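Asker: The structure is given below, and queries will be raised subsequently.
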Amino acid sequence: MNIAEVVGLWLAEGWRNSRYEITITNNCLELIKGSYQVLGGLFEGGNFRAYAYLPSKGYGLKETLPVARVRKYVDSRARKPYYILRLGSVEATTKWKKLVVQTCQGEENYADILRGFFAGEGNIKTGSHSNRAVRIAQKEPSELIDLILSHFEIEKRFEKRGRSYAIVGRRDWEKLAKIRIADLHPDKKKKFWNAYQSYSQWHYKKHHIHNNILECLNRPKTSKELAEEFGRSQARLQDILMPLKTQGVLMCYKLGAGKPHYWVRVDSRQIPISARKKKILDSLVVPKRALEIALDIGVNRKILRDHLQTLERLSFIRREGKYWVKLETNKEVIVID
C-alpha cells in the first residue's frame, strides 16, 4: 500500500473527527498490515495498538496482528473478524490530517484514494438479468468522491435510500477496471473481476460499427485488430468490410501467402507493402531493367514480375519500354514484415 491508498481507507472507515488518534478499520488483515507499514514509516516509534473483534469466543486467528499490543473481543454480530489499528498521538494526528489534505489535492492521487476508499466502503452487487453495480457506501454525498468520479468521467448516482453511490453500465465499469478500483481487498477484487468478465460483449447501437469503422481505418489494420477494437469476431467484421470494399470505400492489401490482409480507406496516404517490395522501390534510384532489379534484391524473375505488377497497380512505378521507373507520389509506405 502507499500513502494515498491509506488516506482513502482512513477516509472511508477511520475516525475523522478524532484529535487524539489515527484509526484504521477493516475486515482484511492484509490491509491492516499494509496500513501499519505506511503509518509506521511516517511515525516511527509511535504508540500503535491493534484490536481484533471475533465472531465467537473460540474463534482462532490464523495470522498475527502486526503490533505488539493486541486486544481481542467478541462481537456476536460479526460474521467474520474485523480489525482496528490505532495510533494514539495528538501530534501525529495533526500531521496526518495535514497530509490527508495535501494528498487529496493532487489529481495524480485520485485513483489510489478511490482504491483505498473502495477497500473500506465499496461492494459489488449482482442480480438477475445480468444486473451489476459497483456501490460505495456513504451516509450523504461526498464532495471528494464526486470530484474523483467526475475526474475519471465515471457516471454515478447517489441513492439516499441505500445511502450509497451506484455505478452501473459497462463503459463505467471499464473505467473502474482501468484504475483497478477493487484490487486492494482480496475478496472484493475477486468479486469485481468475476462480475466484470461476465460481460459477454459491448452492445452497440444499430450500425455503430459500420458508421465508425472508417474513422479507425485512417491507417492500415487487419481484421483481427479491428475485431479486438470493436469486441466482435473477425467473421462479423468481414461482413462489414467486404461491402465497403465493393463500394470502393476501402482497399484490402494482400502481402503474400500466409500473411494477414490489411484494410485501409482509399483516401489514406498510408499504403502497406512487404519488405521485398520496399527493396524494389529502394533499388529504383535510377530506371532499371527487370533483370537488374532481380539481381539487386536476390529474387528470380518470375517472383519479381508479380511484385512489379503490384507496385505498378499501386502507382509506385511505371514501365517505360524495357525499363522500370519509380514515380513521385504523396503516399506513405508502411513496411509490413
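Residue numbers start at 1 in each chain; chains themselves are named A, B, ... in the order of the C-alpha cells; ligands are numbered from 1 in the order shown.
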Hey, what does DSSP flag as strand (DSSP E) within segment 220-316 of chain A? Can you give it to me as a list in words?

Answerer: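 Strand (DSSP E) assignments inside segment 220-316 of chain A correspond to Lys221, Thr222, Leu250, Met251, Cys252, Tyr253, Lys254, His261, Tyr262, Trp263, Val264, Arg265, Gln270, Ile271, Pro272, Ile273 and Ser274 of chain A.
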
Asker: Neighbouring residues of Trp193 of chain A were defined as those with any atom within 9 Å, considering only C-alpha atoms; residues of the same chain fewer than 4 positions away were excluded. Please report them as a compact mmCIF listing (two decimals) with C-alpha atoms, in the first residue's frame.

Answerer:
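Done, and the output landed in selection.txt:
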```txt
# COMPACT_ATOMS: atom_id res chain seq x y z
CA ALA A 177 -11.22 -1.61 -14.11
CA ALA A 182 -11.09 -3.20 -6.21
CA LYS A 188 -13.76 -7.51 -3.36
CA LYS A 189 -11.10 -7.87 -6.05
CA GLN A 197 -15.50 -10.52 -17.02
CA SER A 198 -19.07 -11.81 -17.17
```

Asker: Write out as a short mmCIF file (atom, residue, chain, number, x, y, z; two decimals) with N, CA, C and O atoms, in the first residue's frame the residues lying within 12 Å of segment 214-217 of chain A, counting only C-alpha atoms and excluding same-chain residues fewer than 3 positions away.

Answerer:
```
data_model
loop_
_atom_site.label_atom_id
_atom_site.label_comp_id
_atom_site.auth_asym_id
_atom_site.auth_seq_id
_atom_site.Cartn_x
_atom_site.Cartn_y
_atom_site.Cartn_z
N HIS A 208 -23.51 0.92 -35.49
CA HIS A 208 -22.41 1.63 -34.83
C HIS A 208 -21.07 1.28 -35.48
O HIS A 208 -20.27 2.18 -35.79
N ILE A 209 -20.79 -0.01 -35.67
CA ILE A 209 -19.50 -0.41 -36.24
C ILE A 209 -19.37 0.11 -37.67
O ILE A 209 -18.33 0.66 -38.04
N HIS A 210 -20.42 -0.07 -38.46
CA HIS A 210 -20.40 0.39 -39.86
C HIS A 210 -20.12 1.89 -39.93
O HIS A 210 -19.34 2.35 -40.78
N ASN A 211 -20.70 2.65 -39.01
CA ASN A 211 -20.55 4.11 -39.04
C ASN A 211 -19.21 4.58 -38.50
O ASN A 211 -18.79 5.71 -38.77
N PRO A 220 -3.50 1.45 -42.02
CA PRO A 220 -3.79 0.04 -42.30
C PRO A 220 -3.96 -0.79 -41.02
O PRO A 220 -3.18 -0.66 -40.08
N LYS A 221 -4.99 -1.63 -41.02
CA LYS A 221 -5.24 -2.54 -39.90
C LYS A 221 -5.76 -3.86 -40.43
O LYS A 221 -6.43 -3.91 -41.47
N THR A 222 -5.48 -4.93 -39.69
CA THR A 222 -6.01 -6.24 -40.06
C THR A 222 -7.41 -6.40 -39.49
O THR A 222 -7.81 -5.66 -38.57
N SER A 223 -8.13 -7.38 -40.01
CA SER A 223 -9.47 -7.63 -39.47
C SER A 223 -9.39 -8.10 -38.02
O SER A 223 -10.29 -7.85 -37.23
N GLU A 225 -7.20 -6.95 -35.76
CA GLU A 225 -7.06 -5.73 -34.96
C GLU A 225 -8.41 -5.03 -34.80
O GLU A 225 -8.75 -4.56 -33.71
N LEU A 226 -9.17 -4.97 -35.90
CA LEU A 226 -10.49 -4.33 -35.84
C LEU A 226 -11.45 -5.11 -34.95
O LEU A 226 -12.24 -4.52 -34.21
N ALA A 227 -11.37 -6.45 -35.02
CA ALA A 227 -12.23 -7.29 -34.19
C ALA A 227 -11.96 -7.05 -32.72
O ALA A 227 -12.88 -6.96 -31.90
N GLU A 229 -10.66 -4.31 -31.47
CA GLU A 229 -11.03 -2.93 -31.16
C GLU A 229 -12.52 -2.77 -30.90
O GLU A 229 -12.94 -2.02 -30.01
N PHE A 230 -13.34 -3.50 -31.66
CA PHE A 230 -14.79 -3.39 -31.53
C PHE A 230 -15.39 -4.50 -30.68
O PHE A 230 -16.61 -4.50 -30.44
N ILE A 240 -18.84 -6.60 -42.65
CA ILE A 240 -18.94 -5.15 -42.80
C ILE A 240 -17.90 -4.64 -43.79
O ILE A 240 -18.18 -3.75 -44.62
N LEU A 241 -16.70 -5.21 -43.75
CA LEU A 241 -15.60 -4.74 -44.59
C LEU A 241 -15.81 -5.03 -46.07
O LEU A 241 -15.53 -4.16 -46.92
N LEU A 244 -18.02 -2.60 -48.03
CA LEU A 244 -17.35 -1.30 -48.15
C LEU A 244 -16.26 -1.35 -49.21
O LEU A 244 -16.01 -0.36 -49.91
N LYS A 245 -15.60 -2.51 -49.35
CA LYS A 245 -14.62 -2.68 -50.42
C LYS A 245 -15.30 -2.65 -51.78
O LYS A 245 -14.82 -1.99 -52.73
N VAL A 249 -14.95 2.13 -51.06
CA VAL A 249 -14.62 2.97 -49.91
C VAL A 249 -13.32 2.50 -49.25
O VAL A 249 -12.53 3.30 -48.75
N LEU A 250 -13.10 1.17 -49.24
CA LEU A 250 -11.93 0.59 -48.61
C LEU A 250 -11.09 -0.17 -49.63
O LEU A 250 -11.59 -0.62 -50.66
N MET A 251 -9.80 -0.31 -49.29
CA MET A 251 -8.89 -1.17 -50.05
C MET A 251 -8.40 -2.27 -49.14
O MET A 251 -8.20 -2.07 -47.93
N CYS A 252 -8.20 -3.46 -49.72
CA CYS A 252 -7.64 -4.58 -48.97
C CYS A 252 -6.32 -4.95 -49.60
O CYS A 252 -6.25 -5.25 -50.80
N TYR A 262 -4.49 -6.43 -44.99
CA TYR A 262 -4.61 -5.13 -44.34
C TYR A 262 -5.67 -4.28 -45.03
O TYR A 262 -5.71 -4.20 -46.27
N TRP A 263 -6.52 -3.66 -44.19
CA TRP A 263 -7.59 -2.81 -44.69
C TRP A 263 -7.26 -1.35 -44.41
O TRP A 263 -6.71 -1.02 -43.36
N VAL A 264 -7.63 -0.50 -45.36
CA VAL A 264 -7.38 0.93 -45.19
C VAL A 264 -8.34 1.70 -46.10
O VAL A 264 -8.79 1.18 -47.12
N ARG A 265 -8.65 2.91 -45.73
CA ARG A 265 -9.51 3.76 -46.57
C ARG A 265 -8.80 4.09 -47.89
O ARG A 265 -7.57 4.23 -47.93
N VAL A 266 -9.58 4.25 -48.95
CA VAL A 266 -8.98 4.56 -50.26
C VAL A 266 -8.31 5.92 -50.26
O VAL A 266 -7.40 6.18 -51.06
N ASP A 267 -8.75 6.84 -49.38
CA ASP A 267 -8.16 8.17 -49.34
C ASP A 267 -7.00 8.28 -48.36
O ASP A 267 -6.45 9.37 -48.14
N SER A 268 -6.60 7.14 -47.77
CA SER A 268 -5.49 7.17 -46.82
C SER A 268 -4.17 7.34 -47.57
O SER A 268 -3.97 6.80 -48.66
N ARG A 269 -3.25 8.07 -46.95
CA ARG A 269 -1.91 8.25 -47.53
C ARG A 269 -1.02 7.05 -47.26
O ARG A 269 0.01 6.88 -47.92
N GLN A 270 -1.40 6.22 -46.30
CA GLN A 270 -0.54 5.10 -45.90
C GLN A 270 -0.90 3.83 -46.70
O GLN A 270 -2.06 3.43 -46.74
N ILE A 271 0.12 3.23 -47.30
CA ILE A 271 -0.06 2.02 -48.08
C ILE A 271 0.86 0.93 -47.52
O ILE A 271 2.07 1.12 -47.45
#
```

Asker: List every residue of segment 82-331 of chain A that DSSP, applied to the backbone of this structure, places in helix (DSSP H, G or I), and write the result as a PyMOL selection string.

Answerer: chain A and resi 90-104+107-121+128-130+143-151+170-178+186-197+208-216+223-230+234-246+275-283+290-297+301-313

Asker: Pick from A:Lys57, A:His185, A:Arg79, A:Arg135: nearest to Arg163 of chain A, with only C-alpha atoms counted?

Answerer: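 Of all the options, A:Arg135 lies closest to Arg163 of chain A.
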
Asker: May I have the residues within 12 Å of Glu312 of chain A as a PyMOL selection string, using only C-alpha atoms and disregarding those fewer than 2 positions away in the same chain?

Answerer: chain A and resi 277+280-281+305-310+314-320+324-327

Asker: What does the distance between atom CA of Pro260 of chain A and atom CA of Lys224 of chain A come to in Å, to one decimal place?

Answerer: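 Between atom CA of Pro260 of chain A and atom CA of Lys224 of chain A the gap is 8.7 Å.
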
Asker: Nearest to Tyr59 of chain A: which of A:Ala78, A:Thr94, A:Leu31, A:Gly41 is it, counting only C-alpha atoms?

Answerer: A:Ala78

Asker: Counting only C-alpha atoms, which of A:Val90, A:Cys104, A:Leu284, A:Ile273 gets nearest to Tyr323 of chain A?

Answerer: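 For Tyr323 of chain A, the nearest of the given residues is A:Leu284.
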
Asker: Just want the 8 Å neighbourhood of Phe48 of chain A, counted on only C-alpha atoms, with same-chain residues fewer than 3 positions away dropped. Output as a PDB file with all heavy atoms, in the first residue's frame.

Answerer:
```pdb
ATOM      1  N   VAL A  67       1.295  -5.541  15.422  1.00  0.00           N
ATOM      2  CA  VAL A  67       1.831  -4.752  16.536  1.00  0.00           C
ATOM      3  C   VAL A  67       1.895  -5.601  17.808  1.00  0.00           C
ATOM      4  O   VAL A  67       1.237  -6.639  17.918  1.00  0.00           O
ATOM      5  CB  VAL A  67       0.959  -3.504  16.793  1.00  0.00           C
ATOM      6  CG1 VAL A  67       0.936  -2.616  15.560  1.00  0.00           C
ATOM      7  CG2 VAL A  67      -0.453  -3.890  17.170  1.00  0.00           C
ATOM      8  N   ARG A  69       0.978  -4.747  20.938  1.00  0.00           N
ATOM      9  CA  ARG A  69      -0.175  -4.612  21.835  1.00  0.00           C
ATOM     10  C   ARG A  69      -1.453  -4.950  21.084  1.00  0.00           C
ATOM     11  O   ARG A  69      -1.934  -4.168  20.260  1.00  0.00           O
ATOM     12  CB  ARG A  69      -0.241  -3.194  22.393  1.00  0.00           C
ATOM     13  CG  ARG A  69       0.976  -2.809  23.222  1.00  0.00           C
ATOM     14  CD  ARG A  69       0.893  -1.369  23.671  1.00  0.00           C
ATOM     15  NE  ARG A  69      -0.279  -1.117  24.502  1.00  0.00           N
ATOM     16  CZ  ARG A  69      -0.634   0.083  24.940  1.00  0.00           C
ATOM     17  NH1 ARG A  69       0.087   1.146  24.605  1.00  0.00           N
ATOM     18  NH2 ARG A  69      -1.707   0.236  25.691  1.00  0.00           N
ATOM     19  N   LEU A  85      -6.786  -0.652  13.830  1.00  0.00           N
ATOM     20  CA  LEU A  85      -5.412  -0.224  14.108  1.00  0.00           C
ATOM     21  C   LEU A  85      -5.472   1.215  14.601  1.00  0.00           C
ATOM     22  O   LEU A  85      -6.099   2.063  13.958  1.00  0.00           O
ATOM     23  CB  LEU A  85      -4.560  -0.321  12.845  1.00  0.00           C
ATOM     24  CG  LEU A  85      -3.119   0.198  12.954  1.00  0.00           C
ATOM     25  CD1 LEU A  85      -2.281  -0.718  13.859  1.00  0.00           C
ATOM     26  CD2 LEU A  85      -2.476   0.316  11.578  1.00  0.00           C
ATOM     27  N   ARG A  86      -4.811   1.489  15.732  1.00  0.00           N
ATOM     28  CA  ARG A  86      -4.849   2.847  16.294  1.00  0.00           C
ATOM     29  C   ARG A  86      -3.441   3.332  16.606  1.00  0.00           C
ATOM     30  O   ARG A  86      -2.599   2.576  17.106  1.00  0.00           O
ATOM     31  CB  ARG A  86      -5.686   2.875  17.570  1.00  0.00           C
ATOM     32  CG  ARG A  86      -7.187   2.843  17.304  1.00  0.00           C
ATOM     33  CD  ARG A  86      -7.974   2.824  18.577  1.00  0.00           C
ATOM     34  NE  ARG A  86      -9.410   2.839  18.316  1.00  0.00           N
ATOM     35  CZ  ARG A  86     -10.325   2.416  19.150  1.00  0.00           C
ATOM     36  NH1 ARG A  86      -9.971   1.942  20.335  1.00  0.00           N
ATOM     37  NH2 ARG A  86     -11.608   2.469  18.838  1.00  0.00           N
ATOM     38  N   LEU A  87      -3.235   4.614  16.316  1.00  0.00           N
ATOM     39  CA  LEU A  87      -2.009   5.294  16.713  1.00  0.00           C
ATOM     40  C   LEU A  87      -2.424   6.478  17.567  1.00  0.00           C
ATOM     41  O   LEU A  87      -3.009   7.456  17.071  1.00  0.00           O
ATOM     42  CB  LEU A  87      -1.216   5.773  15.496  1.00  0.00           C
ATOM     43  CG  LEU A  87      -0.043   6.716  15.790  1.00  0.00           C
ATOM     44  CD1 LEU A  87       0.973   6.059  16.736  1.00  0.00           C
ATOM     45  CD2 LEU A  87       0.628   7.161  14.495  1.00  0.00           C
ATOM     46  N   GLY A  88      -2.156   6.381  18.879  1.00  0.00           N
ATOM     47  CA  GLY A  88      -2.559   7.441  19.790  1.00  0.00           C
ATOM     48  C   GLY A  88      -1.500   8.517  19.897  1.00  0.00           C
ATOM     49  O   GLY A  88      -0.414   8.275  20.436  1.00  0.00           O
TER      50      GLY A  88
END
```

Asker: Closest to Ser274 of chain A among A:Ser18, A:Ala294, A:Gln102, A:Val335, using only C-alpha atoms?

Answerer: A:Val335

Asker: Atom CA of Tyr73 of chain A and atom CA of Gln138 of chain A are how many Å apart?

Answerer: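 Going from atom CA of Tyr73 of chain A over to atom CA of Gln138 of chain A, I get 26.7 Å.
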